[in-house]
Amino acid sequence: MKKILFIILDGLGDRPVSTLGNQTPLEAAKTPNFDFLAQSGLAGLLNPLPPDEYPTSEEGHLSIFGYDLKKEFPGRGPLEALGIGVKLKPGEVAIRVDFGTVDPNWVVIDARAGRIEDVSGLCKAISNITIQGVTFNVYPGLQHRGVLVLSGKGISSKISDVDPHKTGPHRLGVKILWERPLDKTLESFFTARILQEYYLAAHEILKKHPLNQERILKNLLPANVLLARGAGEFQKVETFDKRWNVKSACIAGAPLYKGIACFLGMDVVEVAGANGLASTNLLGKFKKAADALSSNSKYDFLFLHIKAVDVFGEDGDCKGKKEFLEKIDIALGKIIPKITHGNIITTVCGDHATPCTLKDHSADPVPVLIYDGQDRDKTENFGESFCKKGSLGHLQGKEFLKKVLKI
Ligand code: ZN
């Protein structure tokens with residue numbers, strides 16, 4: 001069986017932009033290596049999720065990897081927790097949190113607290129707090145992100161998000177929501193009540209925290225609120241390797257994607273300088289990916305995730321998205337000889353679209369390609385409008401992975 005390099009560029013899909021000559025960032029980008037793979041391989045479009053659903057990254061990935069989101073989705077919290085090395089115990093609840101800034105009326109001024117770099121000191125200040133027998137701990141993630149874990153008896157993850165993220169990634173001018181139960185069980189009512197109490201207590205501690213006082217003096221926004229979402233509990237699913245008969249590993253920078261890999265039982269291969277940001281060590285990631293698929297390696301499936309494409313989309317920075325795609329292409333070019341000798345299938349897709357004009361995820365399809373060393377489609381370039389004409393057609397969910405595994 002051939003080995004597979006499975007590249008997911010987060011938020012890859014986009015829409016034509018007038019400042020890029022009515023092309024998408026991917027179409028406008030100079031990407032000779034992606035173009036080569038598309039020209040010599042198979043191209044198409046993919047909707048990781050049904051088009052009427054708002055696509056989150058975690059759902060997009062699990063759907064692409066062939067998991068049933070109704071039965072096999074633990075929620076974002078547990079995935080983020082796994083990604084930063086926090087293993088939940090049965091009965092614990094994990095919630096993804098962003099440290100943000102609110103005004104005295106709880107209206108969001110900045111959902112990333114002025115892009116705060118390190119929240120570990122703040123996490124410590126609002127950890128080890130016990131309310132009615134339930135202990136709250138917050139673990140720091142990348143930049144403004146963290147994970148809140150609840151440990152104790154009689155708790156439930158069937159509780160609402162207080163983060164108004166459904167209004168868009170920036171939530172500007174939106175009031176944060178009140179915690180409420182999502183079903184009628186005592187556990188959900190109890191959890192919602194103590195969580196609300198905790199959020200209020202955390203807000204008071206954060207407001208007065210010396211690190212935040214210092215930020216205010218420096219004219220920086222204080223990280224004074226937890227924007228929490230995606231509560232979930234410990235869950236175990238069939239491993240990716242068992243489901244698809246492969247030996248898999250993952251290379252990613254951002255914790256969520258390492259967490260998704262851990263959840264699916266993939267090994268996580270660490271790369272120095274892989275940080276999930278635009279400054280990530282792209283070349284290091286591609287080189288490690290090629291090494292992990294070398295003939296003497298035990299792996300035959302390597303999931304390589306690159307995050308910052310999505311971030312440029314959410315910032316509405318179409319030029320930045322285009323230029324970052326060009327940087328990825330240069331890094332990919334360095335390993336082309338190692339992945340085009342005939343024993344490796346290389347695939348590229350996105351977990352959802354993040355059109356710069358929307359500054360948000362959308363259900364638009366994403367372009368995909370499969371390169372297997374045989375001359376196939378005559379796709380001109382790797383881009384949305386070119387891939388639309390590709391022979392893979394328009395795929396949904398796990399259909400893309402199944403095609404890849406059948407080659
Ligand atoms: Zn994503």
# chains A, B, ... in the order shown; residues from 1 in each chain; ligands from 1

call {"tool": "select_by_dssp", "arguments": {"residues": "region 176-302 of chain A", "states": "strand (DSSP E or B)", "output": "JSON, numbers by chain"}}
result
{"A": [181, 225, 226, 227, 228, 229, 230, 231, 232, 233, 248, 249, 250, 251, 267, 268, 301, 302]}

call {"tool": "write_last_selection", "arguments": {"atoms": "N, CA and C atoms", "output": "mmCIF file, in the first residue's frame"}}
result
data_model
loop_
_atom_site.group_PDB
_atom_site.id
_atom_site.type_symbol
_atom_site.label_atom_id
_atom_site.label_comp_id
_atom_site.auth_asym_id
_atom_site.auth_seq_id
_atom_site.Cartn_x
_atom_site.Cartn_y
_atom_site.Cartn_z
ATOM 1 N N PRO A 181 -28.850 25.709 31.408
ATOM 2 C CA PRO A 181 -28.817 24.268 31.116
ATOM 3 C C PRO A 181 -29.415 23.983 29.742
ATOM 4 N N VAL A 225 -12.279 38.548 31.165
ATOM 5 C CA VAL A 225 -13.461 37.672 31.085
ATOM 6 C C VAL A 225 -13.097 36.349 30.417
ATOM 7 N N LEU A 226 -13.834 35.302 30.783
ATOM 8 C CA LEU A 226 -13.686 34.013 30.106
ATOM 9 C C LEU A 226 -14.830 33.856 29.118
ATOM 10 N N LEU A 227 -14.493 33.765 27.846
ATOM 11 C CA LEU A 227 -15.504 33.488 26.827
ATOM 12 C C LEU A 227 -15.477 31.975 26.622
ATOM 13 N N ALA A 228 -16.484 31.310 27.175
ATOM 14 C CA ALA A 228 -16.436 29.843 27.242
ATOM 15 C C ALA A 228 -17.415 29.204 26.268
ATOM 16 N N ARG A 229 -16.973 28.131 25.664
ATOM 17 C CA ARG A 229 -17.848 27.408 24.733
ATOM 18 C C ARG A 229 -17.374 25.970 24.551
ATOM 19 N N GLY A 230 -18.291 25.154 23.995
ATOM 20 C CA GLY A 230 -17.904 23.799 23.601
ATOM 21 C C GLY A 230 -17.691 22.855 24.768
ATOM 22 N N ALA A 231 -18.593 22.872 25.747
ATOM 23 C CA ALA A 231 -18.454 21.949 26.884
ATOM 24 C C ALA A 231 -18.584 20.507 26.412
ATOM 25 N N GLY A 232 -17.790 19.657 26.994
ATOM 26 C CA GLY A 232 -17.874 18.240 26.647
ATOM 27 C C GLY A 232 -17.280 17.392 27.748
ATOM 28 N N GLU A 233 -17.488 16.085 27.609
ATOM 29 C CA GLU A 233 -17.007 15.158 28.630
ATOM 30 C C GLU A 233 -16.069 14.141 28.012
ATOM 31 N N SER A 248 -1.146 5.760 11.753
ATOM 32 C CA SER A 248 -1.193 7.200 11.500
ATOM 33 C C SER A 248 -0.418 8.025 12.512
ATOM 34 N N ALA A 249 -0.048 9.224 12.061
ATOM 35 C CA ALA A 249 0.570 10.214 12.948
ATOM 36 C C ALA A 249 0.117 11.596 12.486
ATOM 37 N N CYS A 250 0.318 12.570 13.366
ATOM 38 C CA CYS A 250 -0.122 13.939 13.080
ATOM 39 C C CYS A 250 1.014 14.915 13.346
ATOM 40 N N ILE A 251 1.101 15.928 12.495
ATOM 41 C CA ILE A 251 1.989 17.065 12.756
ATOM 42 C C ILE A 251 1.121 18.310 12.738
ATOM 43 N N ASP A 267 -0.568 9.107 16.650
ATOM 44 C CA ASP A 267 0.630 9.608 17.335
ATOM 45 C C ASP A 267 0.818 11.068 16.939
ATOM 46 N N VAL A 268 1.319 11.880 17.869
ATOM 47 C CA VAL A 268 1.619 13.279 17.531
ATOM 48 C C VAL A 268 3.135 13.433 17.434
ATOM 49 N N PHE A 301 0.278 6.935 7.235
ATOM 50 C CA PHE A 301 -0.700 8.023 7.062
ATOM 51 C C PHE A 301 -0.239 9.179 7.937
ATOM 52 N N LEU A 302 0.035 10.322 7.309
ATOM 53 C CA LEU A 302 0.503 11.477 8.066
ATOM 54 C C LEU A 302 -0.450 12.642 7.833
#

call {"tool": "residues_near_ligand", "arguments": {"ligand": "ligand 1", "cutoff": "9 Å", "atoms": "only C-alpha atoms and all ligand atoms", "output": "MDAnalysis selection string"}}
result
chainID A and resid 9:12 55:61 307 309:311 350:354 361

call {"tool": "residues_around", "arguments": {"residues": "Cys318 (chain A)", "least_positions_apart": "3", "cutoff": "9 Å", "atoms": "only C-alpha atoms", "output": "VMD selection string"}}
result
chain A and resid 17 19 to 20 24 to 25 312 to 313 315 321 to 323 355 to 357

call {"tool": "residues_around", "arguments": {"residues": "Arg376 (chain A)", "least_positions_apart": "6", "cutoff": "12 Å", "atoms": "only C-alpha atoms", "output": "NGL selection string"}}
result
:A and (36-43 or 369-370 or 390-392)

call {"tool": "write_last_selection", "arguments": {"atoms": "all heavy atoms", "output": "PDB file, in the first residue's frame"}}
result
ATOM      1  N   PHE A  36       1.368  21.930  -9.606  1.00  0.00           N
ATOM      2  CA  PHE A  36       1.935  20.710 -10.190  1.00  0.00           C
ATOM      3  C   PHE A  36       1.164  19.476  -9.695  1.00  0.00           C
ATOM      4  O   PHE A  36       0.794  18.591 -10.476  1.00  0.00           O
ATOM      5  CB  PHE A  36       3.421  20.603  -9.822  1.00  0.00           C
ATOM      6  CG  PHE A  36       3.983  19.235 -10.009  1.00  0.00           C
ATOM      7  CD1 PHE A  36       4.234  18.729 -11.287  1.00  0.00           C
ATOM      8  CD2 PHE A  36       4.234  18.411  -8.911  1.00  0.00           C
ATOM      9  CE1 PHE A  36       4.735  17.450 -11.462  1.00  0.00           C
ATOM     10  CE2 PHE A  36       4.735  17.123  -9.080  1.00  0.00           C
ATOM     11  CZ  PHE A  36       4.989  16.639 -10.351  1.00  0.00           C
ATOM     12  N   LEU A  37       0.902  19.439  -8.375  1.00  0.00           N
ATOM     13  CA  LEU A  37       0.189  18.277  -7.820  1.00  0.00           C
ATOM     14  C   LEU A  37      -1.226  18.179  -8.389  1.00  0.00           C
ATOM     15  O   LEU A  37      -1.717  17.097  -8.704  1.00  0.00           O
ATOM     16  CB  LEU A  37       0.131  18.365  -6.286  1.00  0.00           C
ATOM     17  CG  LEU A  37       1.467  18.319  -5.530  1.00  0.00           C
ATOM     18  CD1 LEU A  37       1.231  18.451  -4.026  1.00  0.00           C
ATOM     19  CD2 LEU A  37       2.228  17.026  -5.822  1.00  0.00           C
ATOM     20  N   ALA A  38      -1.869  19.352  -8.536  1.00  0.00           N
ATOM     21  CA  ALA A  38      -3.244  19.352  -9.071  1.00  0.00           C
ATOM     22  C   ALA A  38      -3.252  18.993 -10.558  1.00  0.00           C
ATOM     23  O   ALA A  38      -4.099  18.221 -11.017  1.00  0.00           O
ATOM     24  CB  ALA A  38      -3.890  20.716  -8.852  1.00  0.00           C
ATOM     25  N   GLN A  39      -2.277  19.542 -11.299  1.00  0.00           N
ATOM     26  CA  GLN A  39      -2.221  19.281 -12.748  1.00  0.00           C
ATOM     27  C   GLN A  39      -1.969  17.804 -13.038  1.00  0.00           C
ATOM     28  O   GLN A  39      -2.490  17.245 -13.994  1.00  0.00           O
ATOM     29  CB  GLN A  39      -1.103  20.117 -13.377  1.00  0.00           C
ATOM     30  CG  GLN A  39      -1.461  21.579 -13.554  1.00  0.00           C
ATOM     31  CD  GLN A  39      -0.220  22.484 -13.604  1.00  0.00           C
ATOM     32  OE1 GLN A  39       0.913  22.017 -13.641  1.00  0.00           O
ATOM     33  NE2 GLN A  39      -0.454  23.780 -13.592  1.00  0.00           N
ATOM     34  N   SER A  40      -1.161  17.172 -12.166  1.00  0.00           N
ATOM     35  CA  SER A  40      -0.807  15.770 -12.422  1.00  0.00           C
ATOM     36  C   SER A  40      -1.645  14.798 -11.608  1.00  0.00           C
ATOM     37  O   SER A  40      -1.400  13.599 -11.647  1.00  0.00           O
ATOM     38  CB  SER A  40       0.665  15.528 -12.068  1.00  0.00           C
ATOM     39  OG  SER A  40       1.434  16.646 -12.330  1.00  0.00           O
ATOM     40  N   GLY A  41      -2.584  15.321 -10.854  1.00  0.00           N
ATOM     41  CA  GLY A  41      -3.380  14.430 -10.014  1.00  0.00           C
ATOM     42  C   GLY A  41      -4.863  14.577 -10.292  1.00  0.00           C
ATOM     43  O   GLY A  41      -5.288  14.831 -11.415  1.00  0.00           O
ATOM     44  N   LEU A  42      -5.647  14.395  -9.223  1.00  0.00           N
ATOM     45  CA  LEU A  42      -7.105  14.517  -9.335  1.00  0.00           C
ATOM     46  C   LEU A  42      -7.547  15.735  -8.519  1.00  0.00           C
ATOM     47  O   LEU A  42      -7.028  15.964  -7.431  1.00  0.00           O
ATOM     48  CB  LEU A  42      -7.772  13.281  -8.738  1.00  0.00           C
ATOM     49  CG  LEU A  42      -7.426  11.941  -9.376  1.00  0.00           C
ATOM     50  CD1 LEU A  42      -7.731  10.798  -8.419  1.00  0.00           C
ATOM     51  CD2 LEU A  42      -8.219  11.780 -10.661  1.00  0.00           C
ATOM     52  N   ALA A  43      -8.497  16.470  -9.052  1.00  0.00           N
ATOM     53  CA  ALA A  43      -8.958  17.665  -8.331  1.00  0.00           C
ATOM     54  C   ALA A  43     -10.467  17.614  -8.159  1.00  0.00           C
ATOM     55  O   ALA A  43     -11.172  16.869  -8.843  1.00  0.00           O
ATOM     56  CB  ALA A  43      -8.555  18.921  -9.088  1.00  0.00           C
ATOM     57  N   LEU A 369      -7.206  18.188  -3.752  1.00  0.00           N
ATOM     58  CA  LEU A 369      -6.440  17.481  -4.783  1.00  0.00           C
ATOM     59  C   LEU A 369      -5.892  16.186  -4.209  1.00  0.00           C
ATOM     60  O   LEU A 369      -5.667  16.057  -3.000  1.00  0.00           O
ATOM     61  CB  LEU A 369      -5.309  18.353  -5.340  1.00  0.00           C
ATOM     62  CG  LEU A 369      -4.092  18.663  -4.478  1.00  0.00           C
ATOM     63  CD1 LEU A 369      -3.053  17.533  -4.506  1.00  0.00           C
ATOM     64  CD2 LEU A 369      -3.433  19.943  -4.958  1.00  0.00           C
ATOM     65  N   ILE A 370      -5.699  15.218  -5.108  1.00  0.00           N
ATOM     66  CA  ILE A 370      -5.037  13.954  -4.760  1.00  0.00           C
ATOM     67  C   ILE A 370      -3.958  13.723  -5.804  1.00  0.00           C
ATOM     68  O   ILE A 370      -4.259  13.641  -7.005  1.00  0.00           O
ATOM     69  CB  ILE A 370      -6.020  12.752  -4.796  1.00  0.00           C
ATOM     70  CG1 ILE A 370      -7.208  12.973  -3.858  1.00  0.00           C
ATOM     71  CG2 ILE A 370      -5.283  11.460  -4.441  1.00  0.00           C
ATOM     72  CD1 ILE A 370      -8.302  11.887  -3.970  1.00  0.00           C
ATOM     73  N   GLY A 390     -12.712  19.533 -11.787  1.00  0.00           N
ATOM     74  CA  GLY A 390     -11.910  18.319 -11.626  1.00  0.00           C
ATOM     75  C   GLY A 390     -12.735  17.047 -11.601  1.00  0.00           C
ATOM     76  O   GLY A 390     -13.940  17.064 -11.335  1.00  0.00           O
ATOM     77  N   SER A 391     -12.068  15.927 -11.847  1.00  0.00           N
ATOM     78  CA  SER A 391     -12.806  14.666 -12.004  1.00  0.00           C
ATOM     79  C   SER A 391     -13.299  14.078 -10.669  1.00  0.00           C
ATOM     80  O   SER A 391     -14.105  13.158 -10.680  1.00  0.00           O
ATOM     81  CB  SER A 391     -11.938  13.643 -12.724  1.00  0.00           C
ATOM     82  OG  SER A 391     -10.821  13.340 -11.935  1.00  0.00           O
ATOM     83  N   LEU A 392     -12.821  14.597  -9.545  1.00  0.00           N
ATOM     84  CA  LEU A 392     -13.356  14.089  -8.276  1.00  0.00           C
ATOM     85  C   LEU A 392     -14.786  14.562  -8.047  1.00  0.00           C
ATOM     86  O   LEU A 392     -15.505  14.000  -7.216  1.00  0.00           O
ATOM     87  CB  LEU A 392     -12.489  14.572  -7.098  1.00  0.00           C
ATOM     88  CG  LEU A 392     -11.102  13.945  -6.940  1.00  0.00           C
ATOM     89  CD1 LEU A 392     -10.320  14.663  -5.859  1.00  0.00           C
ATOM     90  CD2 LEU A 392     -11.212  12.461  -6.613  1.00  0.00           C
TER      91      LEU A 392
END

call {"tool": "residues_around", "arguments": {"residues": "Val246 (chain A)", "least_positions_apart": "5", "cutoff": "8 Å", "atoms": "only C-alpha atoms", "output": "count of residues only"}}
result
5

call {"tool": "select_by_dssp", "arguments": {"residues": "region 66-141 of chain A", "states": "alpha helix (DSSP H)", "output": "MDAnalysis selection string"}}
result
chainID A and resid 76:83 120:125

call {"tool": "write_last_selection", "arguments": {"atoms": "N, CA, C and O atoms", "output": "compact mmCIF listing (two decimals), in the first residue's frame"}}
result
# COMPACT_ATOMS: atom_id res chain seq x y z
N ARG A 76 -15.76 20.60 21.88
CA ARG A 76 -14.47 21.25 21.66
C ARG A 76 -13.57 21.21 22.90
O ARG A 76 -12.36 21.04 22.80
N GLY A 77 -14.20 21.36 24.07
CA GLY A 77 -13.44 21.42 25.31
C GLY A 77 -12.50 20.23 25.49
O GLY A 77 -11.29 20.41 25.68
N PRO A 78 -13.02 19.00 25.43
CA PRO A 78 -12.14 17.84 25.61
C PRO A 78 -11.04 17.74 24.55
O PRO A 78 -9.94 17.29 24.85
N LEU A 79 -11.34 18.18 23.32
CA LEU A 79 -10.31 18.12 22.26
C LEU A 79 -9.20 19.12 22.55
O LEU A 79 -8.01 18.82 22.41
N GLU A 80 -9.59 20.33 22.98
CA GLU A 80 -8.59 21.34 23.34
C GLU A 80 -7.76 20.85 24.52
O GLU A 80 -6.55 21.06 24.58
N ALA A 81 -8.44 20.22 25.49
CA ALA A 81 -7.75 19.73 26.68
C ALA A 81 -6.68 18.70 26.28
O ALA A 81 -5.53 18.80 26.68
N LEU A 82 -7.07 17.74 25.44
CA LEU A 82 -6.12 16.72 24.98
C LEU A 82 -4.93 17.37 24.28
O LEU A 82 -3.79 16.94 24.42
N GLY A 83 -5.22 18.42 23.51
CA GLY A 83 -4.18 19.09 22.74
C GLY A 83 -3.13 19.78 23.60
O GLY A 83 -2.02 20.01 23.14
N SER A 120 -0.86 32.23 31.32
CA SER A 120 -0.62 31.23 32.36
C SER A 120 -0.77 31.81 33.78
O SER A 120 -1.32 31.15 34.66
N GLY A 121 -0.30 33.05 33.98
CA GLY A 121 -0.43 33.68 35.31
C GLY A 121 -1.89 33.90 35.67
O GLY A 121 -2.30 33.69 36.82
N LEU A 122 -2.68 34.29 34.69
CA LEU A 122 -4.11 34.53 34.93
C LEU A 122 -4.83 33.20 35.20
O LEU A 122 -5.73 33.12 36.05
N CYS A 123 -4.43 32.15 34.48
CA CYS A 123 -5.05 30.83 34.69
C CYS A 123 -4.85 30.37 36.14
O CYS A 123 -5.77 29.85 36.77
N LYS A 124 -3.64 30.59 36.61
CA LYS A 124 -3.31 30.17 37.97
C LYS A 124 -4.22 30.88 39.00
O LYS A 124 -4.70 30.27 39.95
N ALA A 125 -4.44 32.17 38.73
CA ALA A 125 -5.22 32.97 39.69
C ALA A 125 -6.68 32.54 39.77
O ALA A 125 -7.34 32.77 40.79

call {"tool": "residues_around", "arguments": {"residues": "Pro337 (chain A)", "least_positions_apart": "6", "cutoff": "12 Å", "atoms": "only C-alpha atoms", "output": "compact mmCIF listing (two decimals) with N, CA, C and O atoms, in the first residue's frame"}}
result
# COMPACT_ATOMS: atom_id res chain seq x y z
N ASN A 33 3.99 24.52 -6.81
CA ASN A 33 4.04 23.13 -6.34
C ASN A 33 2.64 22.54 -6.14
O ASN A 33 2.38 21.41 -6.55
N LYS A 287 9.34 18.87 6.30
CA LYS A 287 10.47 17.92 6.32
C LYS A 287 10.17 16.76 7.26
O LYS A 287 10.42 15.60 6.93
N ALA A 290 7.70 14.38 5.66
CA ALA A 290 8.33 13.50 4.66
C ALA A 290 9.13 12.40 5.36
O ALA A 290 9.06 11.22 4.98
N ASN A 343 5.80 6.26 -4.23
CA ASN A 343 5.28 5.46 -3.11
C ASN A 343 4.41 6.27 -2.15
O ASN A 343 3.96 5.75 -1.13
N ILE A 344 4.24 7.55 -2.43
CA ILE A 344 3.45 8.39 -1.53
C ILE A 344 2.31 9.07 -2.32
O ILE A 344 2.53 9.60 -3.40
N GLY A 373 1.03 10.24 -8.38
CA GLY A 373 2.16 9.91 -9.27
C GLY A 373 1.75 9.48 -10.65
O GLY A 373 2.60 9.13 -11.47

call {"tool": "residues_around", "arguments": {"residues": "region 101-113 of chain A", "least_positions_apart": "4", "cutoff": "7 Å", "atoms": "only C-alpha atoms", "output": "list in words"}}
result
His144, His170, Arg171, Leu172, Gly173, Val174, Lys175, Ile176, Leu221, Pro222, Ala223, Asn224 and Val225 of chain A

call {"tool": "closest_residue", "arguments": {"among": "A:Leu395, A:Ile345, A:Leu401, A:Val162", "to": "Tyr371 (chain A)", "atoms": "only C-alpha atoms"}}
result
A:Ile345

call {"tool": "closest_atom_pairs", "arguments": {"of": "region 176-220 of chain A", "to": "region 129-136 of chain A", "cutoff": "12 Å", "atoms": "only C-alpha atoms", "output": "CSV"}}
result
residue,atom,partner,partner_atom,distance
A:Glu187,CA,A:Val134,CA,11.9
A:Phe190,CA,A:Gln132,CA,9.6
A:Thr191,CA,A:Val134,CA,9.0
A:Arg193,CA,A:Ile131,CA,10.2
A:Ile194,CA,A:Ile131,CA,6.6
A:Leu195,CA,A:Ile131,CA,8.8
A:Gln196,CA,A:Ile131,CA,10.7
A:Glu197,CA,A:Ile131,CA,8.2
A:Tyr198,CA,A:Ile131,CA,7.6
A:Tyr199,CA,A:Phe136,CA,10.3
A:Ala201,CA,A:Ile129,CA,9.4
A:Ala202,CA,A:Ile129,CA,9.3
A:Ile205,CA,A:Ile129,CA,11.3

call {"tool": "atom_distance", "arguments": {"atom1": "CA of Glu270 (chain A)", "atom2": "CA of Leu293 (chain A)"}}
result
14.6 Å

call {"tool": "atom_distance", "arguments": {"atom1": "CA of Val269 (chain A)", "atom2": "CA of Asn137 (chain A)"}}
result
27.4 Å
